[in-house]
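Here's upload_31.cif, which has mmCIF, N, CA and C atoms:
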data_run
loop_
_atom_site.label_atom_id
_atom_site.label_comp_id
_atom_site.auth_asym_id
_atom_site.auth_seq_id
_atom_site.Cartn_x
_atom_site.Cartn_y
_atom_site.Cartn_z
N MET A 1 2.13 -1.55 -26.96
CA MET A 1 2.59 -0.62 -25.95
C MET A 1 1.75 -0.82 -24.69
N ALA A 2 2.42 -0.93 -23.54
CA ALA A 2 1.73 -1.14 -22.27
C ALA A 2 1.08 0.16 -21.80
N LYS A 3 -0.10 0.02 -21.22
CA LYS A 3 -0.83 1.17 -20.70
C LYS A 3 -0.24 1.57 -19.35
N LYS A 4 -0.11 2.88 -19.12
CA LYS A 4 0.42 3.40 -17.88
C LYS A 4 -0.56 3.14 -16.73
N ALA A 5 -0.03 2.89 -15.53
CA ALA A 5 -0.87 2.66 -14.36
C ALA A 5 -1.67 3.91 -14.03
N PHE A 6 -2.91 3.71 -13.58
CA PHE A 6 -3.76 4.83 -13.19
C PHE A 6 -3.09 5.62 -12.08
N GLY A 7 -2.97 6.91 -12.24
CA GLY A 7 -2.34 7.75 -11.23
C GLY A 7 -0.83 7.82 -11.37
N GLY A 8 -0.24 6.89 -12.10
CA GLY A 8 1.19 6.95 -12.34
C GLY A 8 2.06 6.47 -11.20
N TYR A 9 1.52 5.81 -10.18
CA TYR A 9 2.33 5.33 -9.06
C TYR A 9 2.66 3.85 -9.22
N ARG A 10 3.87 3.50 -8.82
CA ARG A 10 4.29 2.11 -8.73
C ARG A 10 4.56 1.82 -7.26
N ILE A 11 4.09 0.70 -6.79
CA ILE A 11 4.34 0.30 -5.40
C ILE A 11 5.01 -1.06 -5.45
N ASN A 12 6.15 -1.17 -4.78
CA ASN A 12 6.91 -2.42 -4.79
C ASN A 12 7.00 -2.97 -3.37
N PHE A 13 6.31 -4.09 -3.12
CA PHE A 13 6.33 -4.72 -1.81
C PHE A 13 7.38 -5.81 -1.70
N LYS A 14 8.19 -5.97 -2.73
CA LYS A 14 9.20 -7.03 -2.75
C LYS A 14 10.18 -6.85 -1.58
N GLY A 15 10.38 -7.93 -0.85
CA GLY A 15 11.33 -7.91 0.25
C GLY A 15 10.77 -7.38 1.57
N ARG A 16 9.50 -6.99 1.61
CA ARG A 16 8.89 -6.49 2.84
C ARG A 16 8.59 -7.66 3.77
N LYS A 17 8.77 -7.49 5.05
CA LYS A 17 8.54 -8.55 6.04
C LYS A 17 7.25 -8.34 6.85
N GLU A 18 6.60 -7.18 6.70
CA GLU A 18 5.39 -6.89 7.46
C GLU A 18 4.23 -7.80 7.03
N THR A 19 3.39 -8.14 8.00
CA THR A 19 2.20 -8.94 7.70
C THR A 19 1.02 -8.00 7.47
N VAL A 20 -0.08 -8.59 7.01
CA VAL A 20 -1.30 -7.81 6.82
C VAL A 20 -1.77 -7.21 8.14
N GLU A 21 -1.63 -7.96 9.22
CA GLU A 21 -1.99 -7.45 10.54
C GLU A 21 -1.12 -6.26 10.95
N ASP A 22 0.14 -6.26 10.57
CA ASP A 22 1.01 -5.13 10.87
C ASP A 22 0.52 -3.86 10.19
N VAL A 23 -0.01 -4.00 9.01
CA VAL A 23 -0.45 -2.83 8.23
C VAL A 23 -1.85 -2.40 8.64
N PHE A 24 -2.78 -3.35 8.74
CA PHE A 24 -4.20 -3.01 8.95
C PHE A 24 -4.70 -3.22 10.37
N GLY A 25 -3.95 -3.90 11.22
CA GLY A 25 -4.44 -4.20 12.56
C GLY A 25 -5.18 -5.53 12.55
N ASN A 26 -5.72 -5.91 13.70
CA ASN A 26 -6.37 -7.22 13.78
C ASN A 26 -7.88 -7.13 13.96
N LYS A 27 -8.46 -5.95 13.78
CA LYS A 27 -9.91 -5.79 13.87
C LYS A 27 -10.48 -5.52 12.48
N PRO A 28 -11.73 -5.90 12.26
CA PRO A 28 -12.35 -5.62 10.95
C PRO A 28 -12.44 -4.11 10.69
N ILE A 29 -12.12 -3.72 9.45
CA ILE A 29 -12.22 -2.31 9.07
C ILE A 29 -12.87 -2.21 7.69
N ALA A 30 -13.40 -1.05 7.39
CA ALA A 30 -14.05 -0.80 6.10
C ALA A 30 -13.00 -0.69 4.99
N PRO A 31 -13.40 -0.98 3.75
CA PRO A 31 -12.45 -0.85 2.63
C PRO A 31 -11.83 0.54 2.52
N SER A 32 -12.61 1.57 2.80
CA SER A 32 -12.06 2.93 2.71
C SER A 32 -10.96 3.14 3.76
N GLU A 33 -11.14 2.56 4.93
CA GLU A 33 -10.12 2.66 5.98
C GLU A 33 -8.88 1.86 5.60
N MET A 34 -9.06 0.73 4.91
CA MET A 34 -7.93 -0.07 4.42
C MET A 34 -7.07 0.75 3.47
N THR A 35 -7.74 1.44 2.55
CA THR A 35 -7.02 2.26 1.58
C THR A 35 -6.20 3.33 2.28
N LYS A 36 -6.79 3.99 3.26
CA LYS A 36 -6.08 5.04 4.00
C LYS A 36 -4.86 4.47 4.72
N LYS A 37 -5.05 3.34 5.40
CA LYS A 37 -3.94 2.73 6.14
C LYS A 37 -2.85 2.23 5.20
N LEU A 38 -3.24 1.70 4.06
CA LEU A 38 -2.27 1.22 3.09
C LEU A 38 -1.39 2.37 2.59
N TRP A 39 -2.01 3.51 2.26
CA TRP A 39 -1.23 4.65 1.77
C TRP A 39 -0.35 5.25 2.85
N VAL A 40 -0.81 5.24 4.10
CA VAL A 40 0.04 5.70 5.20
C VAL A 40 1.29 4.82 5.29
N PHE A 41 1.09 3.51 5.19
CA PHE A 41 2.21 2.56 5.22
C PHE A 41 3.16 2.78 4.06
N VAL A 42 2.61 2.91 2.86
CA VAL A 42 3.43 3.08 1.65
C VAL A 42 4.27 4.36 1.76
N LYS A 43 3.66 5.45 2.18
CA LYS A 43 4.38 6.72 2.29
C LYS A 43 5.43 6.67 3.40
N LYS A 44 5.08 6.04 4.53
CA LYS A 44 6.00 5.95 5.67
C LYS A 44 7.24 5.14 5.28
N LYS A 45 7.06 4.05 4.54
CA LYS A 45 8.18 3.19 4.16
C LYS A 45 8.87 3.64 2.87
N GLY A 46 8.27 4.58 2.16
CA GLY A 46 8.89 5.09 0.94
C GLY A 46 8.98 4.05 -0.17
N ILE A 47 7.92 3.24 -0.35
CA ILE A 47 7.97 2.18 -1.34
C ILE A 47 7.19 2.52 -2.62
N ALA A 48 6.77 3.77 -2.76
CA ALA A 48 6.04 4.18 -3.96
C ALA A 48 6.95 5.07 -4.81
N GLY A 49 6.76 5.00 -6.10
CA GLY A 49 7.51 5.85 -7.02
C GLY A 49 6.66 6.16 -8.23
N LYS A 50 7.02 7.17 -8.95
CA LYS A 50 6.26 7.53 -10.15
C LYS A 50 6.92 7.01 -11.37
#
What is this file in structure tokens?
Amino acid sequence: MAKKAFGGYRINFKGRKETVEDVFGNKPIAPSEMTKKLWVFVKKKGIAGK
């Protein structure tokens, strides 16, 4: 039996055309800031599900 993902969220980036620069910008940022920006992107595009 497969173990459930931590937190229960699935994120599907299949078919997305955005680049890493589109999501994070082109300046260096801290890992914590990356996480925040990633979740803003995921919620804005509606690509997460439970």
**Message:** Considering only helix (DSSP H, G or I) as DSSP defines it on the backbone, what residues of chain A qualify? List them as a VMD selection string.
**Reply:** chain A and resid 6 to 8 20 to 24 31 to 45
Would you mind exporting N, CA and C atoms of the selected residues as a short mmCIF file (atom, residue, chain, number, x, y, z; two decimals), keeping the file's coordinate frame?
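Printed below is out-v7.cif as written:
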data_model
loop_
_atom_site.label_atom_id
_atom_site.label_comp_id
_atom_site.auth_asym_id
_atom_site.auth_seq_id
_atom_site.Cartn_x
_atom_site.Cartn_y
_atom_site.Cartn_z
N PHE A 6 -2.91 3.71 -13.58
CA PHE A 6 -3.76 4.83 -13.19
C PHE A 6 -3.09 5.62 -12.08
N GLY A 7 -2.97 6.91 -12.24
CA GLY A 7 -2.34 7.75 -11.23
C GLY A 7 -0.83 7.82 -11.37
N GLY A 8 -0.24 6.89 -12.10
CA GLY A 8 1.19 6.95 -12.34
C GLY A 8 2.06 6.47 -11.20
N VAL A 20 -0.08 -8.59 7.01
CA VAL A 20 -1.30 -7.81 6.82
C VAL A 20 -1.77 -7.21 8.14
N GLU A 21 -1.63 -7.96 9.22
CA GLU A 21 -1.99 -7.45 10.54
C GLU A 21 -1.12 -6.26 10.95
N ASP A 22 0.14 -6.26 10.57
CA ASP A 22 1.01 -5.13 10.87
C ASP A 22 0.52 -3.86 10.19
N VAL A 23 -0.01 -4.00 9.01
CA VAL A 23 -0.45 -2.83 8.23
C VAL A 23 -1.85 -2.40 8.64
N PHE A 24 -2.78 -3.35 8.74
CA PHE A 24 -4.20 -3.01 8.95
C PHE A 24 -4.70 -3.22 10.37
N PRO A 31 -13.40 -0.98 3.75
CA PRO A 31 -12.45 -0.85 2.63
C PRO A 31 -11.83 0.54 2.52
N SER A 32 -12.61 1.57 2.80
CA SER A 32 -12.06 2.93 2.71
C SER A 32 -10.96 3.14 3.76
N GLU A 33 -11.14 2.56 4.93
CA GLU A 33 -10.12 2.66 5.98
C GLU A 33 -8.88 1.86 5.60
N MET A 34 -9.06 0.73 4.91
CA MET A 34 -7.93 -0.07 4.42
C MET A 34 -7.07 0.75 3.47
N THR A 35 -7.74 1.44 2.55
CA THR A 35 -7.02 2.26 1.58
C THR A 35 -6.20 3.33 2.28
N LYS A 36 -6.79 3.99 3.26
CA LYS A 36 -6.08 5.04 4.00
C LYS A 36 -4.86 4.47 4.72
N LYS A 37 -5.05 3.34 5.40
CA LYS A 37 -3.94 2.73 6.14
C LYS A 37 -2.85 2.23 5.20
N LEU A 38 -3.24 1.70 4.06
CA LEU A 38 -2.27 1.22 3.09
C LEU A 38 -1.39 2.37 2.59
N TRP A 39 -2.01 3.51 2.26
CA TRP A 39 -1.23 4.65 1.77
C TRP A 39 -0.35 5.25 2.85
N VAL A 40 -0.81 5.24 4.10
CA VAL A 40 0.04 5.70 5.20
C VAL A 40 1.29 4.82 5.29
N PHE A 41 1.09 3.51 5.19
CA PHE A 41 2.21 2.56 5.22
C PHE A 41 3.16 2.78 4.06
N VAL A 42 2.61 2.91 2.86
CA VAL A 42 3.43 3.08 1.65
C VAL A 42 4.27 4.36 1.76
N LYS A 43 3.66 5.45 2.18
CA LYS A 43 4.38 6.72 2.29
C LYS A 43 5.43 6.67 3.40
N LYS A 44 5.08 6.04 4.53
CA LYS A 44 6.00 5.95 5.67
C LYS A 44 7.24 5.14 5.28
N LYS A 45 7.06 4.05 4.54
CA LYS A 45 8.18 3.19 4.16
C LYS A 45 8.87 3.64 2.87
#
**All residues 9 Å or closer to region 43-48 of chain A, only C-alpha atoms, same chain fewer than 6 positions away omitted, as a VMD selection string** = chain A and resid 9 to 13
**Asked** Excluding same-chain residues fewer than 2 positions from Phe24 (chain A), what lies within 12 Å of it counting only C-alpha atoms, as a list in words?
**Response**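 In the requested form, the answer reads Glu18, Thr19, Val20, Glu21, Asp22, Asn26, Lys27, Pro28, Ile29, Ala30, Pro31, Ser32, Glu33, Met34, Thr35, Lys36, Lys37, Leu38, Trp39, Val40 and Phe41 of chain A.
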**Message:** as a VMD selection string, please: every residue in chain A that DSSP puts in strand (DSSP E or B).
**Reply:** chain A and resid 10 to 11 48 to 49
**Asked** Expressed in Å to a single decimal, how great is the separation between atom C of Gly8 (chain A) and CA of Val23 (chain A)?
**Response** 21.7 Å
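Note that the spacing between atom C of Gly15 (chain A) and atom N of Gly49 (chain A) amounts to 15.1 Å.
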Using all atoms of region 31-44 of chain A listed in the file and a margin of 3 Å per side, can you give the axis-aligned box centre and edge lengths in Å to one decimal, as AutoDock Vina command-line options?
--center_x -3.1 --center_y 2.9 --center_z 3.9 --size_x 26.6 --size_y 13.7 --size_z 10.6
**Request:** Kindly give the distance, in Å, that separates atom N of Ala2 (chain A) and atom C of Val42 (chain A), rounded to a single decimal.
**Result:**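 Spanning atom N of Ala2 (chain A) to atom C of Val42 (chain A) is a straight-line distance of 25.9 Å.
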